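A.B. asks: For reference, the file final-v8.cif (mmCIF, N, CA and C atoms) is included below:
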data_work
loop_
_atom_site.label_atom_id
_atom_site.label_comp_id
_atom_site.auth_asym_id
_atom_site.auth_seq_id
_atom_site.Cartn_x
_atom_site.Cartn_y
_atom_site.Cartn_z
N HIS A 132 4.60 7.73 5.72
CA HIS A 132 3.77 6.58 5.44
C HIS A 132 4.19 5.95 4.12
N PRO A 133 4.36 4.63 4.10
CA PRO A 133 4.61 3.96 2.82
C PRO A 133 3.39 4.06 1.90
N VAL A 134 3.66 4.09 0.62
CA VAL A 134 2.63 4.14 -0.40
C VAL A 134 2.91 3.04 -1.41
N VAL A 135 1.88 2.30 -1.79
CA VAL A 135 2.01 1.25 -2.80
C VAL A 135 1.24 1.70 -4.04
N VAL A 136 1.87 1.52 -5.19
CA VAL A 136 1.23 1.84 -6.47
C VAL A 136 1.12 0.55 -7.27
N LEU A 137 -0.09 0.20 -7.66
CA LEU A 137 -0.32 -0.98 -8.50
C LEU A 137 -0.79 -0.53 -9.87
N THR A 138 -0.22 -1.11 -10.90
CA THR A 138 -0.67 -0.85 -12.26
C THR A 138 -0.77 -2.19 -12.98
N ASP A 139 -1.81 -2.34 -13.76
CA ASP A 139 -1.95 -3.56 -14.55
C ASP A 139 -1.98 -3.21 -16.02
N ARG A 140 -1.51 -4.11 -16.82
CA ARG A 140 -1.34 -3.89 -18.25
C ARG A 140 -2.60 -3.36 -18.92
N ASN A 141 -3.75 -3.92 -18.60
CA ASN A 141 -5.00 -3.56 -19.26
C ASN A 141 -5.78 -2.48 -18.51
N ARG A 142 -5.25 -2.01 -17.38
CA ARG A 142 -5.94 -1.00 -16.56
C ARG A 142 -7.34 -1.47 -16.18
N ALA A 143 -7.47 -2.77 -15.91
CA ALA A 143 -8.77 -3.36 -15.61
C ALA A 143 -9.00 -3.58 -14.12
N LEU A 144 -7.93 -3.58 -13.32
CA LEU A 144 -8.04 -3.83 -11.88
C LEU A 144 -8.72 -2.65 -11.19
N LYS A 145 -9.65 -2.96 -10.30
CA LYS A 145 -10.43 -1.95 -9.57
C LYS A 145 -10.07 -1.98 -8.08
N PRO A 146 -10.19 -0.84 -7.38
CA PRO A 146 -9.85 -0.80 -5.95
C PRO A 146 -10.57 -1.86 -5.12
N GLY A 147 -11.84 -2.14 -5.42
CA GLY A 147 -12.61 -3.12 -4.65
C GLY A 147 -12.15 -4.56 -4.86
N GLN A 148 -11.27 -4.78 -5.81
CA GLN A 148 -10.78 -6.13 -6.09
C GLN A 148 -9.46 -6.43 -5.36
N ILE A 149 -8.95 -5.43 -4.65
CA ILE A 149 -7.66 -5.57 -3.97
C ILE A 149 -7.87 -5.71 -2.47
N ARG A 150 -7.20 -6.67 -1.87
CA ARG A 150 -7.19 -6.83 -0.42
C ARG A 150 -5.73 -6.77 0.03
N MET A 151 -5.37 -5.70 0.73
CA MET A 151 -4.01 -5.56 1.22
C MET A 151 -4.05 -5.15 2.68
N GLU A 152 -3.11 -5.71 3.44
CA GLU A 152 -2.95 -5.35 4.85
C GLU A 152 -1.46 -5.26 5.15
N PHE A 153 -1.11 -4.42 6.11
CA PHE A 153 0.27 -4.39 6.60
C PHE A 153 0.26 -4.65 8.10
N TYR A 154 1.37 -5.21 8.58
CA TYR A 154 1.46 -5.59 9.99
C TYR A 154 2.05 -4.46 10.81
N ASP A 155 1.32 -4.04 11.83
CA ASP A 155 1.74 -3.02 12.78
C ASP A 155 2.34 -3.74 13.98
N ALA A 156 3.66 -3.86 14.01
CA ALA A 156 4.34 -4.61 15.07
C ALA A 156 4.13 -3.98 16.45
N ASP A 157 3.93 -2.66 16.50
CA ASP A 157 3.73 -1.99 17.79
C ASP A 157 2.43 -2.43 18.47
N THR A 158 1.39 -2.69 17.67
CA THR A 158 0.10 -3.10 18.25
C THR A 158 -0.17 -4.59 18.07
N GLY A 159 0.64 -5.25 17.23
CA GLY A 159 0.43 -6.68 16.99
C GLY A 159 -0.79 -6.98 16.14
N ARG A 160 -1.19 -6.03 15.27
CA ARG A 160 -2.37 -6.27 14.45
C ARG A 160 -2.11 -5.92 12.98
N TRP A 161 -2.91 -6.53 12.12
CA TRP A 161 -2.88 -6.23 10.70
C TRP A 161 -3.80 -5.05 10.44
N ARG A 162 -3.33 -4.10 9.63
CA ARG A 162 -4.10 -2.91 9.30
C ARG A 162 -4.42 -2.90 7.80
N PRO A 163 -5.65 -2.54 7.43
CA PRO A 163 -6.03 -2.54 6.01
C PRO A 163 -5.40 -1.38 5.25
N VAL A 164 -5.20 -1.60 3.95
CA VAL A 164 -4.74 -0.56 3.04
C VAL A 164 -5.87 -0.33 2.03
N SER A 165 -6.37 0.90 1.95
CA SER A 165 -7.41 1.25 0.99
C SER A 165 -6.77 1.80 -0.27
N PHE A 166 -7.37 1.48 -1.41
CA PHE A 166 -6.83 1.93 -2.70
C PHE A 166 -7.76 2.91 -3.38
N GLU A 167 -7.16 3.84 -4.12
CA GLU A 167 -7.88 4.81 -4.93
C GLU A 167 -7.25 4.82 -6.32
N VAL A 168 -8.05 5.20 -7.32
CA VAL A 168 -7.57 5.28 -8.70
C VAL A 168 -7.10 6.70 -8.99
N THR A 169 -5.94 6.82 -9.66
CA THR A 169 -5.43 8.13 -10.07
C THR A 169 -5.91 8.47 -11.48
N ASP A 170 -5.61 9.67 -11.93
CA ASP A 170 -5.94 10.09 -13.30
C ASP A 170 -5.20 9.26 -14.35
N GLU A 171 -4.12 8.59 -13.94
CA GLU A 171 -3.32 7.75 -14.84
C GLU A 171 -3.74 6.27 -14.75
N ASP A 172 -4.88 6.01 -14.12
CA ASP A 172 -5.39 4.64 -13.93
C ASP A 172 -4.45 3.77 -13.10
N GLU A 173 -3.69 4.40 -12.21
CA GLU A 173 -2.89 3.66 -11.25
C GLU A 173 -3.74 3.49 -10.00
N LEU A 174 -3.43 2.47 -9.22
CA LEU A 174 -4.13 2.25 -7.95
C LEU A 174 -3.15 2.57 -6.83
N ILE A 175 -3.51 3.55 -6.00
CA ILE A 175 -2.63 4.02 -4.94
C ILE A 175 -3.19 3.58 -3.59
N GLY A 176 -2.33 2.95 -2.78
CA GLY A 176 -2.70 2.54 -1.43
C GLY A 176 -1.73 3.12 -0.42
N VAL A 177 -2.26 3.82 0.58
CA VAL A 177 -1.42 4.43 1.63
C VAL A 177 -1.53 3.59 2.89
N PHE A 178 -0.39 3.29 3.50
CA PHE A 178 -0.38 2.55 4.77
C PHE A 178 -0.76 3.53 5.86
N ASP A 179 -2.04 3.66 6.12
CA ASP A 179 -2.52 4.68 7.04
C ASP A 179 -3.46 4.07 8.07
N ASP A 180 -4.75 4.05 7.81
CA ASP A 180 -5.75 3.49 8.73
C ASP A 180 -5.61 4.07 10.14
N GLY A 181 -5.33 5.38 10.24
CA GLY A 181 -5.16 6.00 11.54
C GLY A 181 -3.82 5.70 12.18
N PHE A 182 -2.95 5.10 11.42
CA PHE A 182 -1.62 4.67 11.86
C PHE A 182 -0.68 5.88 11.91
N PRO A 183 0.10 6.05 12.98
CA PRO A 183 0.98 7.22 13.07
C PRO A 183 2.19 7.17 12.14
N GLY A 184 2.46 6.03 11.54
CA GLY A 184 3.60 5.91 10.62
C GLY A 184 4.75 5.15 11.26
N PHE A 185 5.76 4.90 10.46
CA PHE A 185 6.96 4.20 10.91
C PHE A 185 8.06 5.22 11.15
N THR A 186 8.94 4.91 12.09
CA THR A 186 10.12 5.73 12.32
C THR A 186 11.33 4.88 11.95
N VAL A 187 12.14 5.42 11.03
CA VAL A 187 13.34 4.72 10.58
C VAL A 187 14.51 5.67 10.77
N GLY A 188 15.47 5.25 11.57
CA GLY A 188 16.63 6.08 11.84
C GLY A 188 17.54 6.22 10.63
N ALA A 189 18.37 7.25 10.64
CA ALA A 189 19.31 7.48 9.55
C ALA A 189 20.21 6.26 9.36
N GLY A 190 20.33 5.81 8.13
CA GLY A 190 21.19 4.67 7.82
C GLY A 190 20.60 3.32 8.21
N LYS A 191 19.36 3.29 8.66
CA LYS A 191 18.70 2.06 9.10
C LYS A 191 17.69 1.60 8.06
N THR A 192 17.25 0.37 8.19
CA THR A 192 16.20 -0.17 7.34
C THR A 192 15.08 -0.70 8.23
N LEU A 193 13.92 -0.89 7.61
CA LEU A 193 12.77 -1.43 8.31
C LEU A 193 12.04 -2.38 7.38
N THR A 194 11.75 -3.56 7.85
CA THR A 194 10.99 -4.53 7.08
C THR A 194 9.55 -4.51 7.58
N VAL A 195 8.61 -4.41 6.64
CA VAL A 195 7.19 -4.39 6.98
C VAL A 195 6.52 -5.56 6.29
N LYS A 196 5.82 -6.39 7.05
CA LYS A 196 5.07 -7.52 6.48
C LYS A 196 3.81 -7.00 5.81
N VAL A 197 3.54 -7.52 4.61
CA VAL A 197 2.37 -7.11 3.84
C VAL A 197 1.67 -8.35 3.30
N ARG A 198 0.34 -8.34 3.33
CA ARG A 198 -0.46 -9.40 2.70
C ARG A 198 -1.26 -8.78 1.56
N LEU A 199 -1.23 -9.46 0.41
CA LEU A 199 -1.94 -8.96 -0.76
C LEU A 199 -2.76 -10.09 -1.36
N GLY A 200 -4.00 -9.78 -1.69
CA GLY A 200 -4.87 -10.74 -2.35
C GLY A 200 -5.78 -10.01 -3.32
N LEU A 201 -6.31 -10.75 -4.27
CA LEU A 201 -7.24 -10.19 -5.25
C LEU A 201 -8.52 -11.01 -5.22
N THR A 202 -9.64 -10.37 -5.47
CA THR A 202 -10.92 -11.07 -5.48
C THR A 202 -11.00 -11.96 -6.72
N ARG A 203 -11.91 -12.90 -6.68
CA ARG A 203 -12.07 -13.84 -7.80
C ARG A 203 -12.45 -13.16 -9.11
N ASP A 204 -13.13 -12.03 -9.03
CA ASP A 204 -13.56 -11.36 -10.25
C ASP A 204 -12.50 -10.43 -10.84
N ALA A 205 -11.30 -10.38 -10.26
CA ALA A 205 -10.22 -9.56 -10.80
C ALA A 205 -9.76 -10.14 -12.13
N ALA A 206 -9.54 -9.26 -13.09
CA ALA A 206 -9.09 -9.69 -14.42
C ALA A 206 -7.73 -10.37 -14.32
N SER A 207 -7.54 -11.40 -15.12
CA SER A 207 -6.26 -12.11 -15.16
C SER A 207 -5.29 -11.31 -16.02
N THR A 208 -4.35 -10.64 -15.38
CA THR A 208 -3.39 -9.80 -16.07
C THR A 208 -2.15 -9.63 -15.19
N GLU A 209 -1.08 -9.12 -15.75
CA GLU A 209 0.11 -8.83 -14.97
C GLU A 209 -0.10 -7.54 -14.19
N VAL A 210 0.36 -7.52 -12.94
CA VAL A 210 0.25 -6.33 -12.11
C VAL A 210 1.65 -5.97 -11.62
N LEU A 211 2.01 -4.71 -11.78
CA LEU A 211 3.29 -4.21 -11.30
C LEU A 211 3.04 -3.48 -9.99
N ALA A 212 3.80 -3.83 -8.96
CA ALA A 212 3.69 -3.16 -7.66
C ALA A 212 4.97 -2.38 -7.40
N SER A 213 4.81 -1.13 -7.01
CA SER A 213 5.93 -0.27 -6.63
C SER A 213 5.63 0.31 -5.26
N ALA A 214 6.67 0.51 -4.48
CA ALA A 214 6.48 1.09 -3.15
C ALA A 214 7.40 2.29 -2.98
N ALA A 215 6.92 3.25 -2.20
CA ALA A 215 7.71 4.44 -1.89
C ALA A 215 7.39 4.85 -0.46
N VAL A 216 8.27 5.65 0.10
CA VAL A 216 8.04 6.15 1.44
C VAL A 216 7.88 7.65 1.37
N VAL A 217 6.84 8.15 2.01
CA VAL A 217 6.60 9.58 2.06
C VAL A 217 7.05 10.06 3.44
N ALA A 218 8.03 10.94 3.47
CA ALA A 218 8.56 11.43 4.73
C ALA A 218 8.21 12.91 4.90
N PRO A 219 7.98 13.33 6.14
CA PRO A 219 7.70 14.75 6.35
C PRO A 219 8.95 15.60 6.06
N ALA A 220 8.74 16.77 5.57
CA ALA A 220 9.86 17.68 5.29
C ALA A 220 10.41 18.23 6.60
N LEU A 221 11.71 18.38 6.64
CA LEU A 221 12.37 18.96 7.82
C LEU A 221 12.62 20.43 7.55
N HIS A 222 12.35 21.25 8.54
CA HIS A 222 12.51 22.71 8.38
C HIS A 222 13.53 23.21 9.40
N ASP A 223 14.37 24.12 8.98
CA ASP A 223 15.31 24.77 9.90
C ASP A 223 14.61 25.92 10.60
N GLY A 224 14.94 26.05 11.92
CA GLY A 224 14.50 27.19 12.69
C GLY A 224 13.07 27.34 12.76
#
Starting from the file, lay out its structure as structure tokens.
C.D. replies:
Amino acid sequence: HPVVVLTDRNRALKPGQIRMEFYDADTGRWRPVSFEVTDEDELIGVFDDGFPGFTVGAGKTLTVKVRLGLTRDAASTEVLASAAVVAPALHDG
């Protein structure tokens, strides 16, 4: 599952102020991304919502459409967005 990490300079952004969705091409629908705050005041969002995840073959890429919005009461500040992919570990035998 992809994971998005948002950090803002003043650490003022709250999970309820973020609206993010990703497009599930298999079902043709937008799925919500929920955010939680870490101990480092980062906001973590997992592309989950009961979603089984994406399959990306070796040496291949996958483009995922994402929509991001902030509520009107969100503080005016710079926000850094980083994304990572969490893959299951492969085990021998």
A.B. asks: Name the residues in contact with Thr202 (chain A) at a cut-off of 9 Å, using only C-alpha atoms, excluding same-chain residues fewer than 2 positions from it; report them as an MDAnalysis selection string.
C.D. replies: chainID A and resid 147:150 200 204:205
A.B. asks: Keeping only N, CA and C atoms, write the selected residues as a compact mmCIF listing (two decimals), in the frame of the given file.
C.D. replies:
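Ended up saving to selection.txt:
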# COMPACT_ATOMS: atom_id res chain seq x y z
N GLY A 147 -11.84 -2.14 -5.42
CA GLY A 147 -12.61 -3.12 -4.65
C GLY A 147 -12.15 -4.56 -4.86
N GLN A 148 -11.27 -4.78 -5.81
CA GLN A 148 -10.78 -6.13 -6.09
C GLN A 148 -9.46 -6.43 -5.36
N ILE A 149 -8.95 -5.43 -4.65
CA ILE A 149 -7.66 -5.57 -3.97
C ILE A 149 -7.87 -5.71 -2.47
N ARG A 150 -7.20 -6.67 -1.87
CA ARG A 150 -7.19 -6.83 -0.42
C ARG A 150 -5.73 -6.77 0.03
N GLY A 200 -4.00 -9.78 -1.69
CA GLY A 200 -4.87 -10.74 -2.35
C GLY A 200 -5.78 -10.01 -3.32
N ASP A 204 -13.13 -12.03 -9.03
CA ASP A 204 -13.56 -11.36 -10.25
C ASP A 204 -12.50 -10.43 -10.84
N ALA A 205 -11.30 -10.38 -10.26
CA ALA A 205 -10.22 -9.56 -10.80
C ALA A 205 -9.76 -10.14 -12.13
A.B. asks: Please return as JSON, numbers by chain: the residues of chain A that backbone DSSP assigns to strand (DSSP E or B).
C.D. replies: {"A": [133, 134, 135, 136, 137, 138, 139, 149, 150, 151, 152, 153, 154, 155, 160, 161, 162, 163, 164, 165, 166, 167, 168, 174, 175, 176, 177, 197, 198, 199, 200, 201, 210, 211, 212, 213, 214, 215, 216]}
A.B. asks: Evaluated on this file, the PyMOL selection byres (((chain A and resi 153 and name CA) around 10) and name CA) picks out some residues - which ones are they, written as a list in words?
C.D. replies: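 On the file shown, the PyMOL selection byres (((chain A and resi 153 and name CA) around 10) and name CA) covers Met151, Glu152, Tyr154, Asp155, Ala156, Arg160, Trp161, Arg162, Pro163, Val164, Phe178, Asp179, Val195, Lys196, Val197, Arg198 and Leu199 of chain A.
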A.B. asks: Could you expand the PyMOL selection byres (((chain A and resi 177 and name CA) around 8) and name CA) into the explicit residues it covers here, written as a list in words?
C.D. replies: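 Those residues are His132, Pro133, Val134, Val135, Val164, Ser165, Phe166, Ile175, Gly176, Phe178 and Asp179 of chain A.
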A.B. asks: Around (7.3, 4.7, 8.3), as given in the file, which residues come within 8 Å? Count all atoms listed in the file and list them as JSON, numbers by chain.
C.D. replies: {"A": [132, 133, 183, 184, 185, 186, 187, 216, 217, 218]}
A.B. asks: Which residues, written as JSON, numbers by chain, have at least one atom at most 10 Å from Glu209 (chain A), with only C-alpha atoms counted and residues fewer than 4 positions away on the same chain left out?
C.D. replies: {"A": [138, 139, 140, 141]}
